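Undergrad: Below you will find the structure I want to go over with you.
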Amino acid sequence: MNHTAFSLVWLRNDLRVYDNQALFEACQSGLPVVALFIATPDSWQAHSMAPIKQDFIRRRVQQLGLELAALNIPLLAIEGSDYAAVPELMQQLIEAGAEALYGHNEYELRERLRDRKSSDIFARSGKACFWFDRKAVMPPGTILSKTGGIYQIFTPFKKTWLARLREVGIGCFPKPKALAETKLQLPELPLMKKGDGTSLAYAVDELLVLEQMRQFCRDKVAHYQAERDFPALQGTSSLSAYLAIGVVSAQQCISRLQLEAANDWDREKSGAAVWLSELVWRDFYHHILMAFPQLIKHKAFQKDTDGIVWPNNTKLFQAWCDGQTGYPIVDAAMRQLNQTGWMHNRLRMIVASFLVKDLHIDWRWGEQYFMSKLIDGDFAANNGGWQWAASTGTDAAPYFRIFNPVTQSERFDPDGVFIKRMLPELADVAKKQIHWPHPLPLWSDYVKPIVDHGKARLKTLELFHTVKKPQ
Ligand code: FAD
């Protein structure tokens with residue numbers, strides 16, 4: 001049978017039509033374009049991907065199908081099982097007329113292996129593959145020290161990163177123009193299942209998401225530095241879920257930031273510059289992940305800390321997961337995570353520190369729990385954040401600097417507004433007691449503290465001293 005040749009775009013964590021280089025280049029190929037998305041629930045499960053994130057992806061892919069249809073690009077949204085299903089699928093698509101494969105590089109090891117296999121299949125049939133690097137703003141391996149080394153500390157990385165940005169600027173790809181309508185004979189494949197709707201609080205329409213990003217850059221970014229650490233405020237962009245699956249790209253964020261905050265984005269300590277810094281952290285962790293593949297196996301970056309024998313008390317771990325530790329800021333944060341699939345950055349630092357340095361539980365347990373709940377779960381950022389908090393990572397918090405959860409609470413939720421929002425059992429507690437309501441009033445059914453912070457702190461120092469010289 002004669003098939004019409006087409007270019008195949010394989011969409012993964014780049015679920016957008018604007019600023020999508022792979023899609024854009026495929027549309028320039030002169031051939032009809034077919035987009036492909038493969039849901040792989042078994043692989044998602046193996047990565048502990050949160051059900052809310054899985055639903056979000058499914059909803060977004062459905063919507064993307066409509067956005068692509070308007071460009072006369074059919075989207076094959078397929079239900080697979082895991083990555084093992086990919087090679088056969090690629091073979092079928094080559095037989096159906098796929099002339100070339102277009103996609104964006106992923107940085108995790110299993111994904112790289114999967115893509116290499118797909119490239120081999122295309123190469124064996126004499127077809128081309130075009131891989132583009134857009135997940136990070138500055139692709140891993142491009143920001144190096146003067147001696148060509150990988151930066152392991154954020155500040156010099158950021159300095160070089162910013163210098164590169166000033167030098168090369170930022171560019172975004174336009175939405176492709178609609179192609180001519182073509183009848184294609186595509187193989188019959190199992191269609192992707194719909195989601196369960198658990199992520200409905202998140203918009204999936206690309207234009208709405210772009211508008212949210214623009215509004216933040218226009219109206220809120222100037223206050224970012226002042227407000228970003230206070231979980232009771234809407235001081236951050238709330239874009240992480242969209243960045244994680246690529247409904248919006250970091251390049252689009254920066255390009256818009258430069259437009260809306262033209263005089264500020266490169267002015268140290270301005271809201272715009274501090275927000276840009278967060279996007280640089282995102283790149284930093286991608287660079288680190290590519291350069292140190294042992295991280296994907298959940299090894300500590302600071303190897304000596306893998307020698308610590310964590311007590312790992314399962315009851316304490318469960319209390320932390322459930323938001324039942326007796327430390328209001330920790331419990332409020334964990335309930336935010338459990339109820340919404342998202343947690344404020346300051347709180348992520350507080351609960352991560354608490355799990356490791358107050359409950360003496362291996363950071364990997366927390367890392368996995370976060371992945372199983374977060375709508376924005378991203379291996380590089382999550383692993384980086386956990387290893388930072390646990391003092392095992394690159395440029396991590398020094399092990400002897402241990403967050404006091406009560407002081408953190410007093411500083412960053414001074415009136416207890418966030419705590420009261422998440423913990424109804426403390427609604428009637430006076431402002432002065434909200435950070436430490438113990439001993440509890442008779443009427444309260446809030447939990448008693450499960451550890452003593454002072455004693456726990458000393459035990460943490462002991463644990464670290466088994467592998468490090470006391471400081
Ligand atoms: P904003 O403050 O508006 O920042 C803009 C964007 O910059 C974010 O959307 C995110 O893409 C990026 N960003 C911000 N801070 C960081 C950071 N420290 N490291 C890397 N990128 C950053 N972020 C994730 O996207 N996925 C995760 O799985 C994740 N796990 C984390 C685990 C721990 C223990 C810690 C301490 C941090 C983690 N972060 C993670 C980083 C950060 O908490 C979230 O990106 C942020 O809270 C998302 O909210 P926002 O979109 O309003 O961020």
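Each chain of the structure tokens is named A, B, ... in the order shown, its residues numbered from 1; ligands are numbered from 1 in display order.
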Could you pull out the residues sitting within 7 Å of ligand 1, using only C-alpha atoms and all ligand atoms, and write them as an mmCIF file with C-alpha atoms, in the first residue's frame?
TA:
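To be explicit, this is the file written out as selection_8.cif:
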```
data_model
loop_
_atom_site.group_PDB
_atom_site.id
_atom_site.type_symbol
_atom_site.label_atom_id
_atom_site.label_comp_id
_atom_site.auth_asym_id
_atom_site.auth_seq_id
_atom_site.Cartn_x
_atom_site.Cartn_y
_atom_site.Cartn_z
ATOM 1 C CA ARG A 228 7.665 35.178 47.679
ATOM 2 C CA THR A 236 4.789 33.523 43.364
ATOM 3 C CA SER A 237 3.817 32.716 39.789
ATOM 4 C CA SER A 238 2.188 29.291 40.357
ATOM 5 C CA LEU A 239 3.551 28.301 36.948
ATOM 6 C CA SER A 240 5.530 25.237 38.062
ATOM 7 C CA ALA A 241 2.891 22.683 36.963
ATOM 8 C CA LEU A 243 6.632 24.482 33.273
ATOM 9 C CA ALA A 244 6.985 20.849 34.362
ATOM 10 C CA TRP A 275 12.299 35.598 39.780
ATOM 11 C CA GLU A 278 14.552 30.921 40.240
ATOM 12 C CA LEU A 279 14.445 30.009 36.567
ATOM 13 C CA TRP A 281 17.978 27.358 39.575
ATOM 14 C CA ARG A 282 15.771 25.278 37.287
ATOM 15 C CA TYR A 285 19.556 21.398 38.473
ATOM 16 C CA MET A 343 3.291 23.320 48.123
ATOM 17 C CA HIS A 344 4.816 26.755 48.539
ATOM 18 C CA ASN A 345 8.609 26.821 48.130
ATOM 19 C CA ARG A 348 8.963 22.706 50.878
ATOM 20 C CA MET A 349 12.228 23.779 52.512
ATOM 21 C CA ALA A 352 12.081 18.732 53.975
ATOM 22 C CA MET A 371 6.878 13.027 43.613
ATOM 23 C CA LEU A 374 3.159 16.976 43.370
ATOM 24 C CA ASP A 376 4.730 19.930 39.324
ATOM 25 C CA GLY A 377 6.918 16.902 40.196
ATOM 26 C CA ASP A 378 10.171 17.234 38.264
ATOM 27 C CA PHE A 379 13.064 14.901 38.982
ATOM 28 C CA ALA A 381 14.190 20.210 40.793
ATOM 29 C CA ASN A 382 12.817 17.783 43.368
ATOM 30 C CA ASN A 383 16.044 15.854 43.839
ATOM 31 C CA GLY A 384 17.971 19.135 43.936
ATOM 32 C CA GLY A 385 15.571 20.632 46.491
ATOM 33 C CA TRP A 386 15.657 17.569 48.734
ATOM 34 C CA ALA A 389 17.533 20.685 52.406
#
```
Undergrad: Name the residues in contact with region 306-313 of chain A at a cut-off of 7 Å, using only C-alpha atoms, excluding same-chain residues fewer than 4 positions from it; report them as a list in words.
TA: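 In the requested format, the answer is Ala300, Phe317, His360, Ile361, Asp362, Leu463, Phe464, Thr466 and Val467 of chain A.
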Undergrad: Since we have the selection now, will you write its residues out, keeping all heavy atoms, as a CSV table (one decimal), in the first residue's frame?
TA:
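Dumped everything to part_12.csv:
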```csv
chain,number,residue,atom,x,y,z
A,300,ALA,N,23.5,10.3,46.9
A,300,ALA,CA,23.8,11.6,47.4
A,300,ALA,C,24.8,12.3,46.6
A,300,ALA,O,25.8,11.6,46.1
A,300,ALA,CB,24.2,11.6,48.8
A,317,PHE,N,7.4,8.9,60.0
A,317,PHE,CA,7.2,9.2,58.6
A,317,PHE,C,5.8,9.4,58.3
A,317,PHE,O,5.4,10.3,57.6
A,317,PHE,CB,7.9,8.1,57.8
A,317,PHE,CG,7.7,8.4,56.3
A,317,PHE,CD1,8.3,9.5,55.7
A,317,PHE,CD2,7.0,7.5,55.5
A,317,PHE,CE1,8.2,9.7,54.3
A,317,PHE,CE2,6.9,7.7,54.1
A,317,PHE,CZ,7.5,8.8,53.5
A,360,HIS,N,14.8,12.5,61.4
A,360,HIS,CA,15.9,11.6,61.0
A,360,HIS,C,15.5,10.5,60.1
A,360,HIS,O,15.8,9.3,60.3
A,360,HIS,CB,16.5,11.0,62.3
A,360,HIS,CG,16.9,12.1,63.3
A,360,HIS,ND1,16.4,12.1,64.6
A,360,HIS,CD2,17.6,13.2,63.1
A,360,HIS,CE1,16.8,13.2,65.2
A,360,HIS,NE2,17.5,13.9,64.3
A,361,ILE,N,14.8,10.9,59.0
A,361,ILE,CA,14.4,10.0,58.0
A,361,ILE,C,15.1,10.3,56.7
A,361,ILE,O,15.3,11.5,56.4
A,361,ILE,CB,12.8,10.1,57.8
A,361,ILE,CG1,12.2,9.4,59.1
A,361,ILE,CG2,12.4,9.4,56.5
A,361,ILE,CD1,10.8,9.6,59.2
A,362,ASP,N,15.5,9.3,56.0
A,362,ASP,CA,16.3,9.4,54.8
A,362,ASP,C,15.6,10.4,53.8
A,362,ASP,O,14.4,10.2,53.6
A,362,ASP,CB,16.4,8.0,54.2
A,362,ASP,CG,17.5,8.0,53.1
A,362,ASP,OD1,17.6,9.0,52.3
A,362,ASP,OD2,18.2,6.9,52.9
A,463,LEU,N,24.5,12.4,63.8
A,463,LEU,CA,24.5,11.6,62.6
A,463,LEU,C,25.4,12.1,61.6
A,463,LEU,O,26.1,11.3,60.9
A,463,LEU,CB,23.0,11.6,62.1
A,463,LEU,CG,22.0,10.8,62.8
A,463,LEU,CD1,20.6,11.1,62.4
A,463,LEU,CD2,22.3,9.3,62.7
A,464,PHE,N,25.5,13.4,61.4
A,464,PHE,CA,26.4,13.9,60.4
A,464,PHE,C,27.9,13.7,60.8
A,464,PHE,O,28.7,13.5,60.0
A,464,PHE,CB,26.1,15.4,60.1
A,464,PHE,CG,25.0,15.6,59.0
A,464,PHE,CD1,23.7,15.6,59.3
A,464,PHE,CD2,25.4,15.6,57.6
A,464,PHE,CE1,22.7,15.8,58.3
A,464,PHE,CE2,24.5,15.7,56.6
A,464,PHE,CZ,23.1,15.8,57.0
A,466,THR,N,29.1,11.3,62.2
A,466,THR,CA,29.6,10.0,61.9
A,466,THR,C,30.3,9.9,60.5
A,466,THR,O,31.1,9.0,60.2
A,466,THR,CB,28.5,8.9,61.9
A,466,THR,OG1,27.5,9.2,60.9
A,466,THR,CG2,27.8,8.8,63.2
A,467,VAL,N,30.0,10.9,59.6
A,467,VAL,CA,30.6,10.9,58.3
A,467,VAL,C,31.4,12.2,58.0
A,467,VAL,O,32.2,12.3,57.1
A,467,VAL,CB,29.6,10.7,57.2
A,467,VAL,CG1,28.9,9.4,57.3
A,467,VAL,CG2,28.6,11.8,57.1
```
Undergrad: Just asking: which residues within region 109-354 of chain A are helix (DSSP H, G or I) according to DSSP, as a VMD selection string?
TA: chain A and resid 109 to 124 154 to 168 206 to 227 240 to 245 250 to 260 271 to 291 293 to 297 303 to 307 314 to 322 328 to 340 345 to 354
Undergrad: Contacts of Val17 (chain A) at 9 Å or less, counting only C-alpha atoms, minus same-chain residues fewer than 2 places along, as a ChimeraX atom specification?
TA: /A:14-15,19-20,23-24,64,67-68,174-176,206,247
Undergrad: Can you work out which one of A:Pro51, A:Leu179, A:Phe400, A:Ile153 has the shortest atom-to-atom distance to Cys27 (chain A), counting only C-alpha atoms?
TA: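 Distance minimum relative to Cys27 (chain A) lands on A:Leu179.
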Undergrad: Find the residues around region 419-425 of chain A up to 7 Å (only C-alpha atoms counted), leave out those fewer than 6 positions away in its own chain, and share them as a list of chain:residue names.
TA: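 Near region 419-425 of chain A, the qualifying residues are A:Pro328, A:Ile329, A:Ala332, A:Arg335, A:Gln336, A:Ser444, A:Asp445, A:Tyr446.
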Undergrad: By how many Å are CA of Leu31 (chain A) and CA of Arg114 (chain A) apart?
TA: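 One can read the CA of Leu31 (chain A) to CA of Arg114 (chain A) distance as 25.4 Å.
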Undergrad: Looking at A:Lys357, A:Lys127, A:Arg256, A:His453, which one is nearest to Gly171 (chain A), with distances taken over only C-alpha atoms?
TA: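 Smallest separation from Gly171 (chain A) among the options: A:Arg256.
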Undergrad: Using only C-alpha atoms, which of A:Phe37, A:Phe301, A:Trp342, A:Phe173 sits nearest Lys373 (chain A)?
TA: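 Ranked by minimum distance to Lys373 (chain A), first place goes to A:Trp342.
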Undergrad: When you look at Pro437 (chain A) with a cut-off of 9 Å (counting only C-alpha atoms), what residues show up, excluding the ones that are within fewer than 5 positions of it in the same chain? I need them as a list in words.
TA: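 Residues meeting the cut-off are Gly326, Tyr327, Pro328, Leu426, Val429, Ala430, Lys432 and Tyr446 of chain A.
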Undergrad: Please list as a ChimeraX atom specification every residue within 12 Å of Glu227 (chain A), counting only C-alpha atoms and excluding residues in the same chain fewer than 3 positions away.
TA: /A:220-224,230-237,271,274-275,344-346,412-413
Undergrad: What does the distance between CA of Gln408 (chain A) and CA of Asp331 (chain A) come to in Å, to one decimal place?
TA: 13.4 Å
Undergrad: List the neighbours of Ala69 (chain A) out to 12 Å using only C-alpha atoms; skip same-chain residues closer than 3 positions along the sequence, and give me the result as a PyMOL selection string.
TA: chain A and resi 17+33-35+62-66+72-76+177-182
Undergrad: Any chance you can output those residues with N, CA, C and O atoms as a PDB file, in the first residue's frame?
TA:
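The result, written out as again-v4.pdb:
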```pdb
ATOM      1  N   VAL A  17       1.862  24.597  21.621  1.00  0.00           N
ATOM      2  CA  VAL A  17       2.035  24.888  20.187  1.00  0.00           C
ATOM      3  C   VAL A  17       2.904  26.127  19.961  1.00  0.00           C
ATOM      4  O   VAL A  17       3.558  26.241  18.938  1.00  0.00           O
ATOM      5  N   VAL A  33       2.300  16.942   8.796  1.00  0.00           N
ATOM      6  CA  VAL A  33       2.877  16.670  10.125  1.00  0.00           C
ATOM      7  C   VAL A  33       1.865  15.880  10.956  1.00  0.00           C
ATOM      8  O   VAL A  33       0.674  16.178  10.950  1.00  0.00           O
ATOM      9  N   VAL A  34       2.388  14.880  11.647  1.00  0.00           N
ATOM     10  CA  VAL A  34       1.574  14.119  12.604  1.00  0.00           C
ATOM     11  C   VAL A  34       2.244  14.280  13.971  1.00  0.00           C
ATOM     12  O   VAL A  34       3.465  14.137  14.084  1.00  0.00           O
ATOM     13  N   ALA A  35       1.439  14.626  14.981  1.00  0.00           N
ATOM     14  CA  ALA A  35       1.991  14.716  16.342  1.00  0.00           C
ATOM     15  C   ALA A  35       1.663  13.424  17.079  1.00  0.00           C
ATOM     16  O   ALA A  35       0.632  12.794  16.822  1.00  0.00           O
ATOM     17  N   GLN A  62      -5.451  16.163  25.663  1.00  0.00           N
ATOM     18  CA  GLN A  62      -6.751  16.244  24.965  1.00  0.00           C
ATOM     19  C   GLN A  62      -6.973  17.627  24.379  1.00  0.00           C
ATOM     20  O   GLN A  62      -7.394  17.785  23.239  1.00  0.00           O
ATOM     21  N   GLN A  63      -6.682  18.630  25.188  1.00  0.00           N
ATOM     22  CA  GLN A  63      -6.855  20.013  24.736  1.00  0.00           C
ATOM     23  C   GLN A  63      -5.879  20.340  23.603  1.00  0.00           C
ATOM     24  O   GLN A  63      -6.216  20.990  22.622  1.00  0.00           O
ATOM     25  N   LEU A  64      -4.662  19.833  23.736  1.00  0.00           N
ATOM     26  CA  LEU A  64      -3.644  20.065  22.711  1.00  0.00           C
ATOM     27  C   LEU A  64      -4.097  19.485  21.373  1.00  0.00           C
ATOM     28  O   LEU A  64      -3.832  20.052  20.306  1.00  0.00           O
ATOM     29  N   GLY A  65      -4.809  18.349  21.438  1.00  0.00           N
ATOM     30  CA  GLY A  65      -5.344  17.726  20.219  1.00  0.00           C
ATOM     31  C   GLY A  65      -6.212  18.722  19.458  1.00  0.00           C
ATOM     32  O   GLY A  65      -6.142  18.812  18.228  1.00  0.00           O
ATOM     33  N   LEU A  66      -7.000  19.498  20.189  1.00  0.00           N
ATOM     34  CA  LEU A  66      -7.881  20.481  19.540  1.00  0.00           C
ATOM     35  C   LEU A  66      -7.046  21.629  18.961  1.00  0.00           C
ATOM     36  O   LEU A  66      -7.293  22.095  17.840  1.00  0.00           O
ATOM     37  N   ASN A  72      -4.359  21.742  11.312  1.00  0.00           N
ATOM     38  CA  ASN A  72      -4.403  20.557  10.435  1.00  0.00           C
ATOM     39  C   ASN A  72      -3.302  19.551  10.763  1.00  0.00           C
ATOM     40  O   ASN A  72      -2.735  18.903   9.881  1.00  0.00           O
ATOM     41  N   ILE A  73      -3.007  19.463  12.037  1.00  0.00           N
ATOM     42  CA  ILE A  73      -2.017  18.462  12.490  1.00  0.00           C
ATOM     43  C   ILE A  73      -2.754  17.451  13.362  1.00  0.00           C
ATOM     44  O   ILE A  73      -3.226  17.796  14.449  1.00  0.00           O
ATOM     45  N   PRO A  74      -2.901  16.204  12.884  1.00  0.00           N
ATOM     46  CA  PRO A  74      -3.566  15.221  13.744  1.00  0.00           C
ATOM     47  C   PRO A  74      -2.663  14.834  14.914  1.00  0.00           C
ATOM     48  O   PRO A  74      -1.437  14.766  14.763  1.00  0.00           O
ATOM     49  N   LEU A  75      -3.277  14.642  16.068  1.00  0.00           N
ATOM     50  CA  LEU A  75      -2.504  14.174  17.232  1.00  0.00           C
ATOM     51  C   LEU A  75      -2.888  12.730  17.515  1.00  0.00           C
ATOM     52  O   LEU A  75      -4.050  12.431  17.784  1.00  0.00           O
ATOM     53  N   LEU A  76      -1.879  11.866  17.431  1.00  0.00           N
ATOM     54  CA  LEU A  76      -2.080  10.463  17.815  1.00  0.00           C
ATOM     55  C   LEU A  76      -1.786  10.370  19.306  1.00  0.00           C
ATOM     56  O   LEU A  76      -0.622  10.366  19.707  1.00  0.00           O
ATOM     57  N   LYS A 177       2.197  28.043  11.236  1.00  0.00           N
ATOM     58  CA  LYS A 177       1.021  28.383  10.420  1.00  0.00           C
ATOM     59  C   LYS A 177       0.266  27.088  10.100  1.00  0.00           C
ATOM     60  O   LYS A 177       0.870  26.018  10.001  1.00  0.00           O
ATOM     61  N   ALA A 178      -1.055  27.215   9.904  1.00  0.00           N
ATOM     62  CA  ALA A 178      -1.846  26.011   9.613  1.00  0.00           C
ATOM     63  C   ALA A 178      -1.344  25.362   8.323  1.00  0.00           C
ATOM     64  O   ALA A 178      -1.027  26.053   7.348  1.00  0.00           O
ATOM     65  N   LEU A 179      -1.242  24.054   8.324  1.00  0.00           N
ATOM     66  CA  LEU A 179      -0.789  23.313   7.132  1.00  0.00           C
ATOM     67  C   LEU A 179      -1.993  22.999   6.248  1.00  0.00           C
ATOM     68  O   LEU A 179      -3.146  23.119   6.689  1.00  0.00           O
ATOM     69  N   ALA A 180      -1.683  22.571   5.025  1.00  0.00           N
ATOM     70  CA  ALA A 180      -2.776  22.159   4.142  1.00  0.00           C
ATOM     71  C   ALA A 180      -3.399  20.879   4.705  1.00  0.00           C
ATOM     72  O   ALA A 180      -2.698  20.049   5.304  1.00  0.00           O
ATOM     73  N   GLU A 181      -4.675  20.753   4.524  1.00  0.00           N
ATOM     74  CA  GLU A 181      -5.349  19.547   5.028  1.00  0.00           C
ATOM     75  C   GLU A 181      -4.923  18.342   4.175  1.00  0.00           C
ATOM     76  O   GLU A 181      -4.914  18.444   2.947  1.00  0.00           O
ATOM     77  N   THR A 182      -4.518  17.267   4.804  1.00  0.00           N
ATOM     78  CA  THR A 182      -4.079  16.081   4.047  1.00  0.00           C
ATOM     79  C   THR A 182      -4.745  14.853   4.643  1.00  0.00           C
ATOM     80  O   THR A 182      -4.861  14.742   5.868  1.00  0.00           O
TER      81      THR A 182
END
```
Undergrad: Please indicate the distance in Å from CA of Leu191 (chain A) to CA of Pro41 (chain A), rounded to one decimal place.
TA: 13.2 Å
Undergrad: Write down as a list in words the residues of region 74-302 of chain A whose backbone DSSP state falls under strand (DSSP E).
TA: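 DSSP on the backbone gives strand (DSSP E) at Leu75, Leu76, Ala77, Ile78, Glu79, Ala98, Glu99, Ala100, Leu101, Tyr102, Gly103, His104, Ala128, Cys129, Phe130, Trp131 and Phe132 of chain A.
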